[in-house]
file my_file_1.cif (mmCIF, C-alpha atoms)
data_entry
loop_
_atom_site.label_atom_id
_atom_site.label_comp_id
_atom_site.auth_asym_id
_atom_site.auth_seq_id
_atom_site.Cartn_x
_atom_site.Cartn_y
_atom_site.Cartn_z
CA MET X 27 -42.50 -13.96 10.55
CA PHE X 28 -40.96 -12.41 7.43
CA ILE X 29 -44.32 -11.65 5.83
CA ASP X 30 -45.38 -9.56 8.83
CA SER X 31 -42.05 -7.81 9.29
CA PRO X 32 -40.26 -6.26 6.29
CA GLN X 33 -37.45 -5.24 8.66
CA LYS X 34 -36.73 -8.88 9.49
CA THR X 35 -36.96 -9.76 5.80
CA ILE X 36 -34.35 -7.11 4.97
CA ALA X 37 -32.02 -8.09 7.81
CA PHE X 38 -32.32 -11.82 7.05
CA SER X 39 -31.62 -11.42 3.33
CA VAL X 40 -28.65 -9.09 3.88
CA LEU X 41 -27.01 -11.23 6.56
CA LEU X 42 -27.48 -14.40 4.51
CA LEU X 43 -26.01 -12.76 1.40
CA ILE X 44 -22.98 -11.65 3.42
CA ALA X 45 -22.56 -15.13 4.91
CA ILE X 46 -22.83 -16.92 1.56
CA GLY X 47 -20.52 -14.35 0.00
CA LEU X 48 -17.89 -15.02 2.66
CA ILE X 49 -18.07 -18.75 1.98
CA PHE X 50 -17.49 -18.30 -1.74
CA ILE X 51 -14.84 -15.60 -1.31
CA TYR X 52 -12.97 -18.17 0.78
CA SER X 53 -13.51 -20.82 -1.88
CA VAL X 54 -12.65 -18.88 -5.06
CA SER X 55 -10.07 -16.28 -4.01
CA GLY X 56 -7.24 -18.65 -3.06
CA PRO X 57 -5.42 -18.85 -6.43
CA TYR X 58 -5.74 -15.10 -6.93
CA GLY X 59 -4.38 -14.45 -3.45
CA LEU X 60 -1.35 -16.66 -4.12
CA GLU X 61 -0.79 -14.95 -7.47
CA GLU X 62 -0.73 -11.60 -5.65
CA LYS X 63 1.82 -13.04 -3.18
CA HIS X 64 -0.66 -13.24 -0.31
CA THR X 65 -1.92 -16.28 1.56
CA ARG X 66 -4.79 -18.38 0.26
CA TRP X 67 -7.07 -16.98 2.96
CA TYR X 68 -5.99 -13.31 2.65
CA TYR X 69 -9.12 -11.96 0.94
CA PHE X 70 -11.44 -14.05 3.09
CA PHE X 71 -10.03 -12.74 6.37
CA LYS X 72 -10.06 -9.14 5.11
CA GLN X 73 -13.69 -9.48 4.03
CA LEU X 74 -14.56 -11.08 7.38
CA ILE X 75 -13.20 -7.99 9.17
CA PHE X 76 -15.11 -5.72 6.79
CA ALA X 77 -18.27 -7.77 7.41
CA VAL X 78 -18.05 -7.21 11.17
CA ILE X 79 -17.53 -3.47 10.62
CA ALA X 80 -20.32 -3.29 8.02
CA VAL X 81 -22.92 -5.05 10.16
CA SER X 82 -21.99 -2.78 13.07
CA VAL X 83 -22.48 0.26 10.81
CA MET X 84 -25.84 -1.12 9.70
CA ILE X 85 -27.01 -1.48 13.30
CA VAL X 86 -25.84 2.03 14.24
CA CYS X 87 -27.52 3.60 11.19
CA SER X 88 -30.75 1.73 11.88
CA ARG X 89 -30.92 3.23 15.37
CA LEU X 90 -30.18 6.80 14.32
CA ASP X 91 -33.18 8.87 13.28
CA TYR X 92 -33.01 9.32 9.52
CA HIS X 93 -34.24 12.91 9.89
CA PHE X 94 -31.03 13.60 11.82
CA LEU X 95 -28.98 11.92 9.06
CA LEU X 96 -30.70 13.86 6.27
CA LYS X 97 -30.05 17.11 8.14
CA TYR X 98 -26.34 16.61 7.50
CA SER X 99 -26.64 15.38 3.90
CA PRO X 100 -25.22 18.65 2.44
CA ALA X 101 -22.10 18.21 4.59
CA LEU X 102 -21.81 14.56 3.56
CA ILE X 103 -22.07 15.39 -0.14
CA LEU X 104 -19.32 17.99 0.26
CA ILE X 105 -17.09 15.44 2.01
CA ALA X 106 -17.77 13.02 -0.83
CA LEU X 107 -16.80 15.67 -3.39
CA VAL X 108 -13.55 16.38 -1.55
CA MET X 109 -12.69 12.67 -1.59
CA LEU X 110 -13.52 12.46 -5.30
CA VAL X 111 -11.08 15.32 -5.91
CA LEU X 112 -8.39 13.67 -3.77
CA VAL X 113 -8.68 10.37 -5.62
CA LEU X 114 -7.71 12.10 -8.86
CA ASN X 115 -4.23 12.55 -7.37
CA ALA X 116 -4.03 8.91 -6.30
CA LYS X 117 -1.89 6.31 -8.00
CA GLU X 118 -3.49 4.76 -11.08
CA LYS X 119 -4.64 1.18 -10.80
CA GLN X 120 -5.52 -0.60 -14.05
CA GLU X 121 -5.38 2.78 -15.84
CA VAL X 122 -8.04 4.37 -13.63
CA GLN X 123 -8.02 6.43 -10.43
CA ARG X 124 -10.75 5.10 -8.16
CA TRP X 125 -9.06 4.11 -4.91
CA ILE X 126 -7.50 6.07 -2.08
CA ASP X 127 -4.76 3.96 -0.49
CA LEU X 128 -4.10 4.62 3.20
CA GLY X 129 -1.69 1.71 3.47
CA PHE X 130 -3.75 -0.44 5.81
CA ILE X 131 -6.92 0.04 3.77
CA GLN X 132 -8.10 1.10 0.31
CA PHE X 133 -11.50 2.64 -0.30
CA GLN X 134 -13.48 4.01 -3.22
CA PRO X 135 -14.84 7.54 -2.73
CA SER X 136 -17.43 6.87 -5.44
CA GLU X 137 -19.08 4.32 -3.13
CA PHE X 138 -19.48 6.96 -0.41
CA PHE X 139 -20.69 9.46 -3.01
CA LYS X 140 -23.55 7.15 -4.06
CA VAL X 141 -24.99 7.00 -0.55
CA ALA X 142 -24.41 10.71 0.07
CA ALA X 143 -26.10 11.47 -3.27
CA VAL X 144 -29.20 9.46 -2.33
CA MET X 145 -29.45 11.25 1.02
CA TYR X 146 -28.90 14.70 -0.51
CA LEU X 147 -31.28 14.09 -3.40
CA ALA X 148 -33.95 12.70 -1.06
CA SER X 149 -33.63 15.83 1.07
CA ILE X 150 -33.90 18.39 -1.74
CA ALA X 151 -36.52 16.43 -3.71
CA ALA X 152 -38.69 16.26 -0.59
CA LYS X 153 -38.43 20.04 -0.20
CA VAL X 154 -39.46 20.54 -3.83
CA HIS X 155 -42.35 18.12 -3.36
CA LEU X 156 -43.52 20.02 -0.28
CA ARG X 157 -43.07 23.36 -2.10
CA ARG X 158 -40.41 24.50 0.38
CA ILE X 159 -38.18 25.45 -2.54
CA GLU X 160 -39.19 26.34 -6.08
CA PRO X 161 -38.50 23.76 -8.79
CA LYS X 162 -36.49 26.36 -10.73
CA LYS X 163 -34.05 26.63 -7.82
CA LEU X 164 -33.52 22.89 -7.98
CA ILE X 165 -30.84 23.47 -10.61
CA ILE X 166 -28.73 25.39 -8.09
CA ARG X 167 -29.25 22.70 -5.44
CA ALA X 168 -28.24 20.04 -7.99
CA ILE X 169 -24.78 21.55 -8.61
CA PRO X 170 -23.05 19.23 -6.06
CA LEU X 171 -24.57 16.20 -7.80
CA ALA X 172 -23.43 17.44 -11.21
CA ALA X 173 -19.95 18.11 -9.80
CA GLY X 174 -19.82 14.57 -8.42
CA LEU X 175 -20.81 13.07 -11.76
CA SER X 176 -18.14 15.15 -13.51
CA LEU X 177 -15.48 13.93 -11.08
CA ILE X 178 -16.60 10.32 -11.59
CA ILE X 179 -16.16 10.83 -15.33
CA LYS X 180 -12.69 12.14 -14.65
CA GLN X 181 -11.65 8.90 -12.89
CA PRO X 182 -13.13 7.48 -15.26
CA ASP X 183 -15.91 5.13 -14.09
CA LEU X 184 -18.76 4.57 -16.53
CA GLY X 185 -20.38 1.88 -14.39
CA THR X 186 -20.74 4.15 -11.34
CA LEU X 187 -21.98 6.96 -13.60
CA ALA X 188 -24.76 4.66 -14.84
CA ALA X 189 -25.63 3.53 -11.30
CA VAL X 190 -25.83 7.11 -9.96
CA PHE X 191 -27.99 8.14 -12.90
CA ILE X 192 -30.46 5.29 -12.24
CA ILE X 193 -30.67 6.37 -8.60
CA MET X 194 -31.20 10.03 -9.46
CA ALA X 195 -33.86 9.25 -12.05
CA ALA X 196 -35.73 6.89 -9.70
CA VAL X 197 -35.75 9.28 -6.73
CA SER X 198 -36.75 12.21 -8.93
CA PHE X 199 -39.62 10.23 -10.45
CA ILE X 200 -40.88 9.01 -7.07
CA ALA X 201 -40.72 12.58 -5.72
CA GLY X 202 -43.04 13.66 -8.50
CA LEU X 203 -40.61 15.98 -10.27
CA LYS X 204 -41.81 17.04 -13.69
CA LEU X 205 -40.71 14.80 -16.51
CA ARG X 206 -38.97 17.66 -18.30
CA TYR X 207 -36.49 17.99 -15.43
CA ILE X 208 -35.85 14.24 -15.49
CA ALA X 209 -35.44 14.43 -19.28
CA ILE X 210 -32.86 17.20 -18.92
CA VAL X 211 -30.88 15.12 -16.42
CA THR X 212 -31.15 12.05 -18.65
CA ALA X 213 -29.87 13.95 -21.67
CA SER X 214 -27.02 15.48 -19.66
CA VAL X 215 -25.86 12.11 -18.31
CA ALA X 216 -26.18 10.55 -21.78
CA VAL X 217 -23.94 13.29 -23.19
CA MET X 218 -21.43 12.71 -20.38
CA GLY X 219 -21.38 8.99 -21.10
CA ALA X 220 -21.01 9.57 -24.84
CA LEU X 221 -18.07 11.92 -24.23
CA MET X 222 -16.42 9.29 -22.05
CA VAL X 223 -16.80 6.55 -24.62
CA PHE X 224 -16.40 8.35 -27.92
CA GLY X 225 -14.51 11.47 -26.87
CA LYS X 226 -11.91 9.86 -24.60
CA ASP X 227 -12.18 6.35 -26.10
CA TYR X 228 -12.74 5.06 -22.56
CA GLU X 229 -14.39 1.61 -22.62
CA LYS X 230 -15.10 1.94 -26.33
CA ASP X 231 -13.47 -1.47 -26.65
CA ARG X 232 -15.94 -2.78 -24.02
CA LEU X 233 -18.84 -1.83 -26.28
CA THR X 234 -17.10 -3.49 -29.23
CA ASP X 235 -16.58 -6.60 -27.11
CA PHE X 236 -20.22 -6.50 -25.96
CA ALA X 237 -21.46 -6.40 -29.56
CA ALA X 238 -19.23 -9.40 -30.35
CA ILE X 239 -20.54 -11.27 -27.30
CA LEU X 240 -24.13 -10.81 -28.46
CA GLN X 241 -23.20 -12.25 -31.86
CA ASN X 242 -21.15 -15.23 -30.65
CA PRO X 243 -20.24 -15.41 -26.94
CA LEU X 244 -17.97 -18.42 -27.37
CA ALA X 245 -15.94 -17.19 -30.35
CA ASP X 246 -12.15 -17.20 -30.25
CA HIS X 247 -11.20 -14.27 -28.01
CA ASN X 248 -7.84 -13.92 -29.75
CA GLN X 249 -9.33 -12.71 -33.00
CA GLU X 250 -8.51 -9.19 -34.14
CA GLY X 251 -10.65 -6.39 -32.74
CA LEU X 252 -11.59 -8.11 -29.48
CA GLY X 253 -10.29 -6.99 -26.08
CA GLY X 254 -10.28 -8.09 -22.48
CA GLY X 255 -13.98 -7.56 -22.00
CA PHE X 256 -14.83 -10.33 -24.45
CA TYR X 257 -12.44 -12.74 -22.73
CA GLN X 258 -13.86 -11.93 -19.28
CA VAL X 259 -17.47 -12.54 -20.26
CA LYS X 260 -16.56 -15.66 -22.23
CA GLN X 261 -14.89 -17.15 -19.16
CA SER X 262 -17.83 -16.01 -17.04
CA LEU X 263 -20.31 -17.84 -19.26
CA ILE X 264 -18.13 -20.94 -19.21
CA SER X 265 -18.11 -20.80 -15.40
CA ILE X 266 -21.88 -20.45 -15.15
CA GLY X 267 -22.56 -23.13 -17.76
CA SER X 268 -20.14 -25.66 -16.27
CA GLY X 269 -21.84 -25.41 -12.87
CA GLY X 270 -25.02 -27.04 -14.11
CA LEU X 271 -27.91 -27.39 -11.72
CA PHE X 272 -26.09 -28.38 -8.53
CA GLY X 273 -22.58 -27.09 -9.21
CA ARG X 274 -19.22 -28.81 -9.01
CA GLY X 275 -19.05 -28.47 -5.26
CA LEU X 276 -17.45 -26.00 -2.90
CA GLY X 277 -13.76 -25.60 -3.75
CA GLU X 278 -14.03 -27.73 -6.90
CA GLY X 279 -14.34 -24.95 -9.48
CA GLY X 280 -11.62 -24.77 -12.12
CA GLN X 281 -12.22 -21.31 -13.60
CA LYS X 282 -10.95 -19.60 -10.43
CA ASN X 283 -7.47 -20.89 -11.25
CA LEU X 284 -6.64 -17.65 -13.08
CA PHE X 285 -8.91 -18.38 -16.05
CA LEU X 286 -11.78 -16.19 -14.85
CA PRO X 287 -10.57 -12.66 -13.98
CA ALA X 288 -11.64 -11.17 -10.64
CA PRO X 289 -13.42 -14.36 -9.44
CA HIS X 290 -13.93 -12.90 -5.94
CA THR X 291 -14.99 -9.38 -6.98
CA ASP X 292 -16.60 -8.39 -10.29
CA PHE X 293 -17.27 -11.98 -11.42
CA ILE X 294 -18.04 -13.70 -8.13
CA PHE X 295 -21.55 -14.52 -9.38
CA ALA X 296 -20.01 -16.61 -12.17
CA SER X 297 -17.35 -18.30 -10.03
CA SER X 298 -19.95 -19.09 -7.36
CA ALA X 299 -22.33 -20.47 -10.00
CA GLU X 300 -19.65 -22.90 -11.12
CA GLU X 301 -19.35 -24.35 -7.62
CA GLY X 302 -22.92 -23.86 -6.40
CA GLY X 303 -24.85 -24.34 -9.63
CA MET X 304 -28.13 -22.88 -10.79
CA LEU X 305 -29.73 -23.51 -7.40
CA LEU X 306 -27.25 -21.14 -5.77
CA CYS X 307 -27.94 -18.51 -8.44
CA LEU X 308 -31.67 -18.77 -7.79
CA LEU X 309 -31.10 -18.49 -4.03
CA VAL X 310 -29.04 -15.32 -4.50
CA LEU X 311 -31.68 -13.80 -6.79
CA VAL X 312 -34.45 -14.67 -4.32
CA LEU X 313 -32.52 -13.02 -1.49
CA TYR X 314 -32.09 -9.82 -3.50
CA MET X 315 -35.80 -9.90 -4.33
CA MET X 316 -36.66 -10.37 -0.66
CA PHE X 317 -34.48 -7.39 0.22
CA PHE X 318 -36.02 -5.20 -2.46
CA ILE X 319 -39.62 -6.10 -1.60
CA GLY X 320 -38.95 -5.54 2.09
CA ALA X 321 -37.35 -2.16 1.39
CA LEU X 322 -40.24 -1.08 -0.83
CA ARG X 323 -42.71 -2.06 1.89
CA VAL X 324 -40.82 0.13 4.32
CA ALA X 325 -40.79 3.00 1.81
CA LEU X 326 -44.52 2.73 1.10
CA ALA X 327 -45.31 2.65 4.82
CA ALA X 328 -43.27 5.79 5.51
CA THR X 329 -45.19 8.59 7.16
CA ASP X 330 -43.32 11.39 5.37
CA ILE X 331 -41.89 12.06 1.93
CA GLU X 332 -38.30 12.06 3.24
CA GLY X 333 -38.66 8.49 4.49
CA LEU X 334 -40.28 7.38 1.25
CA LEU X 335 -37.49 8.85 -0.89
CA LEU X 336 -34.63 7.73 1.34
CA ALA X 337 -35.79 4.11 1.65
CA SER X 338 -36.73 3.73 -2.01
CA GLY X 339 -33.54 5.49 -3.15
CA MET X 340 -31.29 3.21 -1.11
CA ALA X 341 -33.21 0.17 -2.30
CA VAL X 342 -32.83 1.21 -5.94
CA MET X 343 -29.12 1.90 -5.39
CA ILE X 344 -28.43 -1.60 -4.11
CA ILE X 345 -30.72 -3.54 -6.45
CA SER X 346 -29.58 -1.65 -9.57
CA GLN X 347 -25.94 -2.33 -8.69
CA ALA X 348 -26.76 -6.02 -8.24
CA GLY X 349 -28.59 -6.03 -11.56
CA ILE X 350 -25.65 -4.45 -13.38
CA ASN X 351 -23.15 -6.89 -11.87
CA ILE X 352 -25.22 -9.97 -12.67
CA GLY X 353 -26.09 -8.57 -16.11
CA VAL X 354 -22.37 -8.31 -16.91
CA ALA X 355 -21.70 -11.84 -15.62
CA VAL X 356 -24.33 -13.37 -17.92
CA GLY X 357 -23.34 -11.26 -20.93
CA LEU X 358 -26.38 -8.98 -21.02
CA LEU X 359 -24.43 -5.77 -20.27
CA PRO X 360 -20.98 -4.43 -21.19
CA VAL X 361 -18.23 -5.14 -18.67
CA THR X 362 -18.00 -2.59 -15.84
CA GLY X 363 -16.17 -2.61 -12.53
CA ILE X 364 -19.20 -2.79 -10.23
CA THR X 365 -19.27 -5.20 -7.31
CA LEU X 366 -22.18 -7.41 -6.24
CA PRO X 367 -23.61 -5.77 -3.07
CA PHE X 368 -23.13 -7.75 0.18
CA PHE X 369 -21.76 -10.72 -1.76
CA SER X 370 -18.49 -9.92 -3.51
CA TYR X 371 -15.17 -8.89 -2.00
CA GLY X 372 -14.76 -5.18 -1.37
CA GLY X 373 -14.74 -3.34 1.94
CA SER X 374 -16.00 -0.01 0.61
CA SER X 375 -18.93 -1.61 -1.16
CA LEU X 376 -19.88 -3.79 1.79
CA VAL X 377 -19.74 -1.02 4.41
CA VAL X 378 -21.63 1.42 2.18
CA SER X 379 -24.31 -1.15 1.27
CA CYS X 380 -24.83 -1.98 4.93
CA ALA X 381 -25.00 1.72 5.84
CA ALA X 382 -27.68 2.14 3.16
CA THR X 383 -29.57 -0.84 4.57
CA GLY X 384 -29.30 0.65 8.05
CA MET X 385 -30.95 3.83 6.80
CA ILE X 386 -33.82 1.84 5.30
CA LEU X 387 -34.28 0.18 8.70
CA SER X 388 -34.09 3.63 10.31
CA VAL X 389 -37.10 4.66 8.23
CA ALA X 390 -38.88 1.54 9.46
CA ARG X 391 -38.01 2.37 13.07
CA HIS X 392 -38.57 6.13 13.13
CA GLY X 393 -40.92 6.95 10.27
CA CYS X 394 -43.32 4.11 9.51
CA ARG X 395 -46.84 3.29 10.57
CA PRO X 396 -46.97 1.69 14.06
CA GLU X 397 -47.89 -1.76 12.75
CA LEU X 398 -44.59 -1.90 10.82
CA ASN X 399 -42.49 -0.40 13.60
CA ARG X 400 -41.25 -3.72 14.95
CA MET X 401 -37.46 -3.89 15.02
CA GLY X 402 -36.92 -7.27 16.56
CA ALA X 403 -34.46 -8.17 13.78
CA LEU X 404 -31.76 -5.76 14.99
#
call {"tool": "encode", "arguments": {"input": "my_file_1.cif", "output": "structure tokens"}}
result
Amino acid sequence: MFIDSPQKTIAFSVLLLIAIGLIFIYSVSGPYGLEEKHTRWYYFFKQLIFAVIAVSVMIVCSRLDYHFLLKYSPALILIALVMLVLVLNAKEKQEVQRWIDLGFIQFQPSEFFKVAAVMYLASIAAKVHLRRIEPKKLIIRAIPLAAGLSLIIKQPDLGTLAAVFIIMAAVSFIAGLKLRYIAIVTASVAVMGALMVFGKDYEKDRLTDFAAILQNPLADHNQEGLGGGFYQVKQSLISIGSGGLFGRGLGEGGQKNLFLPAPHTDFIFASSAEEGGMLLCLLVLVLYMMFFIGALRVALAATDIEGLLLASGMAVMIISQAGINIGVAVGLLPVTGITLPFFSYGGSSLVVSCAATGMILSVARHGCRPELNRMGAL
């Protein structure tokens, strides 16, 4: 069934990731919820509500024609830019400004910007590919993307900057843009990142901690020169290692008891590994691989360049974010504040990831070869 239908493969993997994520959010978020003066089930019930909304958004997006959605991508990118400006006036949280608090809900404009950026870039890159606009005029069309990256730096958010860059580079390469344009973008983003780290000293300590982790991940985190990033990854590695092959069992993990920071968000892969073991980790990785392969099959079967770029761009967005999150958890990347798509707690991330998935399924429904246009999954 799944071999013949990439749409069903995508839907199955996404829904199972959400379901497993809910189980482990329930299991590992209790102590953190009590520490924040909430109930033990607070984060689980909030994520459950977000899951219902997110799946509904995915179904709606899958039924809308992606050509209609891309038509309004310039308006969406402008809305995203306005929200990125508004968030700079929001209250700081952990010394950064990334969330807009409406009282009953908080959301990250940068999450919306990522999806809007993929849609906008897919639209303009397709026009360049089809010679509807000259490559030289691409610079003018890219101003909203550059403005968004600048505002993300202002927050600051190095992790999102890296994720957006990966998306932009991938879509540009797939569209067949000349390598010199991609090189210019790469150099520009590298300069932006260097200014963030070395000019504003933002996350410079994270790079220092990362270097120390590579040398000795289990060293004493209290030694001079090490910061919170080293402690977080050290506890993450302890969580993963103590899970063994089969894990300690659901609810039996000890690191969630305020030893491992953010056990239900940034480090849910580690906290889940402690309780579910290596087998759970492999299952999660297989599900992400199933999603990615299914999305690429949809992209390759697209009948137009817009469908190809939109589906592949959304797939790269989700899988690169998953790779960054898991890379941080296992100590292969510096600590960043990026969630694990579909799996970790976070309403903005879940809704946006499901919207992106819905657009991939929209390409399958409205822009693929007839033999792949079977939408029995949704």
call {"tool": "residues_around", "arguments": {"input": "my_file_1.cif", "residues": "region 381-388 of chain X", "least_positions_apart": "2", "cutoff": "7 Å", "atoms": "only C-alpha atoms", "output": "mmCIF file with C-alpha atoms, in the coordinates of the input"}}
result
data_model
loop_
_atom_site.group_PDB
_atom_site.id
_atom_site.type_symbol
_atom_site.label_atom_id
_atom_site.label_comp_id
_atom_site.auth_asym_id
_atom_site.auth_seq_id
_atom_site.Cartn_x
_atom_site.Cartn_y
_atom_site.Cartn_z
ATOM 1 C CA GLN X 33 -37.450 -5.240 8.660
ATOM 2 C CA VAL X 83 -22.480 0.260 10.810
ATOM 3 C CA MET X 84 -25.840 -1.120 9.700
ATOM 4 C CA ILE X 85 -27.010 -1.480 13.300
ATOM 5 C CA CYS X 87 -27.520 3.600 11.190
ATOM 6 C CA SER X 88 -30.750 1.730 11.880
ATOM 7 C CA ARG X 89 -30.920 3.230 15.370
ATOM 8 C CA LEU X 90 -30.180 6.800 14.320
ATOM 9 C CA ASP X 91 -33.180 8.870 13.280
ATOM 10 C CA TYR X 92 -33.010 9.320 9.520
ATOM 11 C CA VAL X 141 -24.990 7.000 -0.550
ATOM 12 C CA ALA X 321 -37.350 -2.160 1.390
ATOM 13 C CA ALA X 337 -35.790 4.110 1.650
ATOM 14 C CA MET X 340 -31.290 3.210 -1.110
ATOM 15 C CA VAL X 377 -19.740 -1.020 4.410
ATOM 16 C CA VAL X 378 -21.630 1.420 2.180
ATOM 17 C CA SER X 379 -24.310 -1.150 1.270
ATOM 18 C CA ALA X 390 -38.880 1.540 9.460
ATOM 19 C CA ARG X 391 -38.010 2.370 13.070
ATOM 20 C CA HIS X 392 -38.570 6.130 13.130
#
call {"tool": "atom_distance", "arguments": {"input": "my_file_1.cif", "atom1": "CA of Leu175 (chain X)", "atom2": "CA of Val190 (chain X)"}}
result
8.0 Å
call {"tool": "closest_atom_pairs", "arguments": {"input": "my_file_1.cif", "of": "region 302-395 of chain X", "to": "region 148-153 of chain X", "cutoff": "10 Å", "atoms": "all atoms listed in the file", "output": "CSV"}}
result
residue,atom,partner,partner_atom,distance
X:Asp330,CA,X:Ala152,CA,9.0
X:Ile331,CA,X:Ala152,CA,5.9
X:Glu332,CA,X:Ala152,CA,5.7
X:Gly333,CA,X:Ala148,CA,8.4
X:Leu334,CA,X:Ala148,CA,8.6
X:Leu335,CA,X:Ala148,CA,5.2
X:Leu336,CA,X:Ala148,CA,5.6
X:Ala337,CA,X:Ala148,CA,9.2
X:Ser338,CA,X:Ala148,CA,9.4
X:Gly339,CA,X:Ala148,CA,7.5
X:Met340,CA,X:Ala148,CA,9.9
call {"tool": "write_last_selection", "arguments": {"input": "my_file_1.cif", "atoms": "C-alpha atoms", "output": "compact mmCIF listing (two decimals), in the coordinates of the input"}}
result
# COMPACT_ATOMS: atom_id res chain seq x y z
CA ASP X 330 -43.32 11.39 5.37
CA ILE X 331 -41.89 12.06 1.93
CA GLU X 332 -38.30 12.06 3.24
CA GLY X 333 -38.66 8.49 4.49
CA LEU X 334 -40.28 7.38 1.25
CA LEU X 335 -37.49 8.85 -0.89
CA LEU X 336 -34.63 7.73 1.34
CA ALA X 337 -35.79 4.11 1.65
CA SER X 338 -36.73 3.73 -2.01
CA GLY X 339 -33.54 5.49 -3.15
CA MET X 340 -31.29 3.21 -1.11
call {"tool": "residues_around", "arguments": {"input": "my_file_1.cif", "residues": "region 211-218 of chain X", "least_positions_apart": "6", "cutoff": "9 Å", "atoms": "all atoms listed in the file", "output": "ChimeraX atom specification"}}
result
/X:175-176,179,187-188,191,194-195
call {"tool": "write_last_selection", "arguments": {"input": "my_file_1.cif", "atoms": "C-alpha atoms", "output": "PDB file, in the frame of the given file"}}
result
ATOM      1  CA  LEU X 175     -20.810  13.070 -11.760  1.00  0.00           C
ATOM      2  CA  SER X 176     -18.140  15.150 -13.510  1.00  0.00           C
ATOM      3  CA  ILE X 179     -16.160  10.830 -15.330  1.00  0.00           C
ATOM      4  CA  LEU X 187     -21.980   6.960 -13.600  1.00  0.00           C
ATOM      5  CA  ALA X 188     -24.760   4.660 -14.840  1.00  0.00           C
ATOM      6  CA  PHE X 191     -27.990   8.140 -12.900  1.00  0.00           C
ATOM      7  CA  MET X 194     -31.200  10.030  -9.460  1.00  0.00           C
ATOM      8  CA  ALA X 195     -33.860   9.250 -12.050  1.00  0.00           C
TER       9      ALA X 195
END
call {"tool": "resolve_selection", "arguments": {"input": "my_file_1.cif", "expression": "the PyMOL selection byres ((chain X and resi 279) around 10)", "output": "PyMOL selection string"}}
result
chain X and resi 53-54+265+268-269+273-278+280-283+297-302
call {"tool": "atom_distance", "arguments": {"input": "my_file_1.cif", "atom1": "CA of Ile51 (chain X)", "atom2": "CA of Thr365 (chain X)"}}
result
12.8 Å
call {"tool": "resolve_selection", "arguments": {"input": "my_file_1.cif", "expression": "the PyMOL selection byres ((chain X and resi 347) around 12)", "output": "ChimeraX atom specification"}}
result
/X:137,140,185-193,292,314,340-346,348-354,362-370,375,379
call {"tool": "write_last_selection", "arguments": {"input": "my_file_1.cif", "atoms": "C-alpha atoms", "output": "compact mmCIF listing (two decimals), keeping the file's coordinate frame"}}
result
# COMPACT_ATOMS: atom_id res chain seq x y z
CA GLU X 137 -19.08 4.32 -3.13
CA LYS X 140 -23.55 7.15 -4.06
CA GLY X 185 -20.38 1.88 -14.39
CA THR X 186 -20.74 4.15 -11.34
CA LEU X 187 -21.98 6.96 -13.60
CA ALA X 188 -24.76 4.66 -14.84
CA ALA X 189 -25.63 3.53 -11.30
CA VAL X 190 -25.83 7.11 -9.96
CA PHE X 191 -27.99 8.14 -12.90
CA ILE X 192 -30.46 5.29 -12.24
CA ILE X 193 -30.67 6.37 -8.60
CA ASP X 292 -16.60 -8.39 -10.29
CA TYR X 314 -32.09 -9.82 -3.50
CA MET X 340 -31.29 3.21 -1.11
CA ALA X 341 -33.21 0.17 -2.30
CA VAL X 342 -32.83 1.21 -5.94
CA MET X 343 -29.12 1.90 -5.39
CA ILE X 344 -28.43 -1.60 -4.11
CA ILE X 345 -30.72 -3.54 -6.45
CA SER X 346 -29.58 -1.65 -9.57
CA ALA X 348 -26.76 -6.02 -8.24
CA GLY X 349 -28.59 -6.03 -11.56
CA ILE X 350 -25.65 -4.45 -13.38
CA ASN X 351 -23.15 -6.89 -11.87
CA ILE X 352 -25.22 -9.97 -12.67
CA GLY X 353 -26.09 -8.57 -16.11
CA VAL X 354 -22.37 -8.31 -16.91
CA THR X 362 -18.00 -2.59 -15.84
CA GLY X 363 -16.17 -2.61 -12.53
CA ILE X 364 -19.20 -2.79 -10.23
CA THR X 365 -19.27 -5.20 -7.31
CA LEU X 366 -22.18 -7.41 -6.24
CA PRO X 367 -23.61 -5.77 -3.07
CA PHE X 368 -23.13 -7.75 0.18
CA PHE X 369 -21.76 -10.72 -1.76
CA SER X 370 -18.49 -9.92 -3.51
CA SER X 375 -18.93 -1.61 -1.16
CA SER X 379 -24.31 -1.15 1.27
call {"tool": "closest_residue", "arguments": {"input": "my_file_1.cif", "among": "X:Ile165, X:Leu114, X:Ala143, X:Leu205", "to": "Ile178 (chain X)", "atoms": "all atoms listed in the file"}}
result
X:Leu114
call {"tool": "closest_residue", "arguments": {"input": "my_file_1.cif", "among": "X:Ile200, X:Ile105, X:Met304, X:Ile294", "to": "Leu48 (chain X)", "atoms": "all atoms listed in the file"}}
result
X:Ile294
call {"tool": "closest_residue", "arguments": {"input": "my_file_1.cif", "among": "X:Tyr146, X:Phe256, X:Tyr371, X:Tyr52", "to": "His93 (chain X)", "atoms": "all atoms listed in the file"}}
result
X:Tyr146
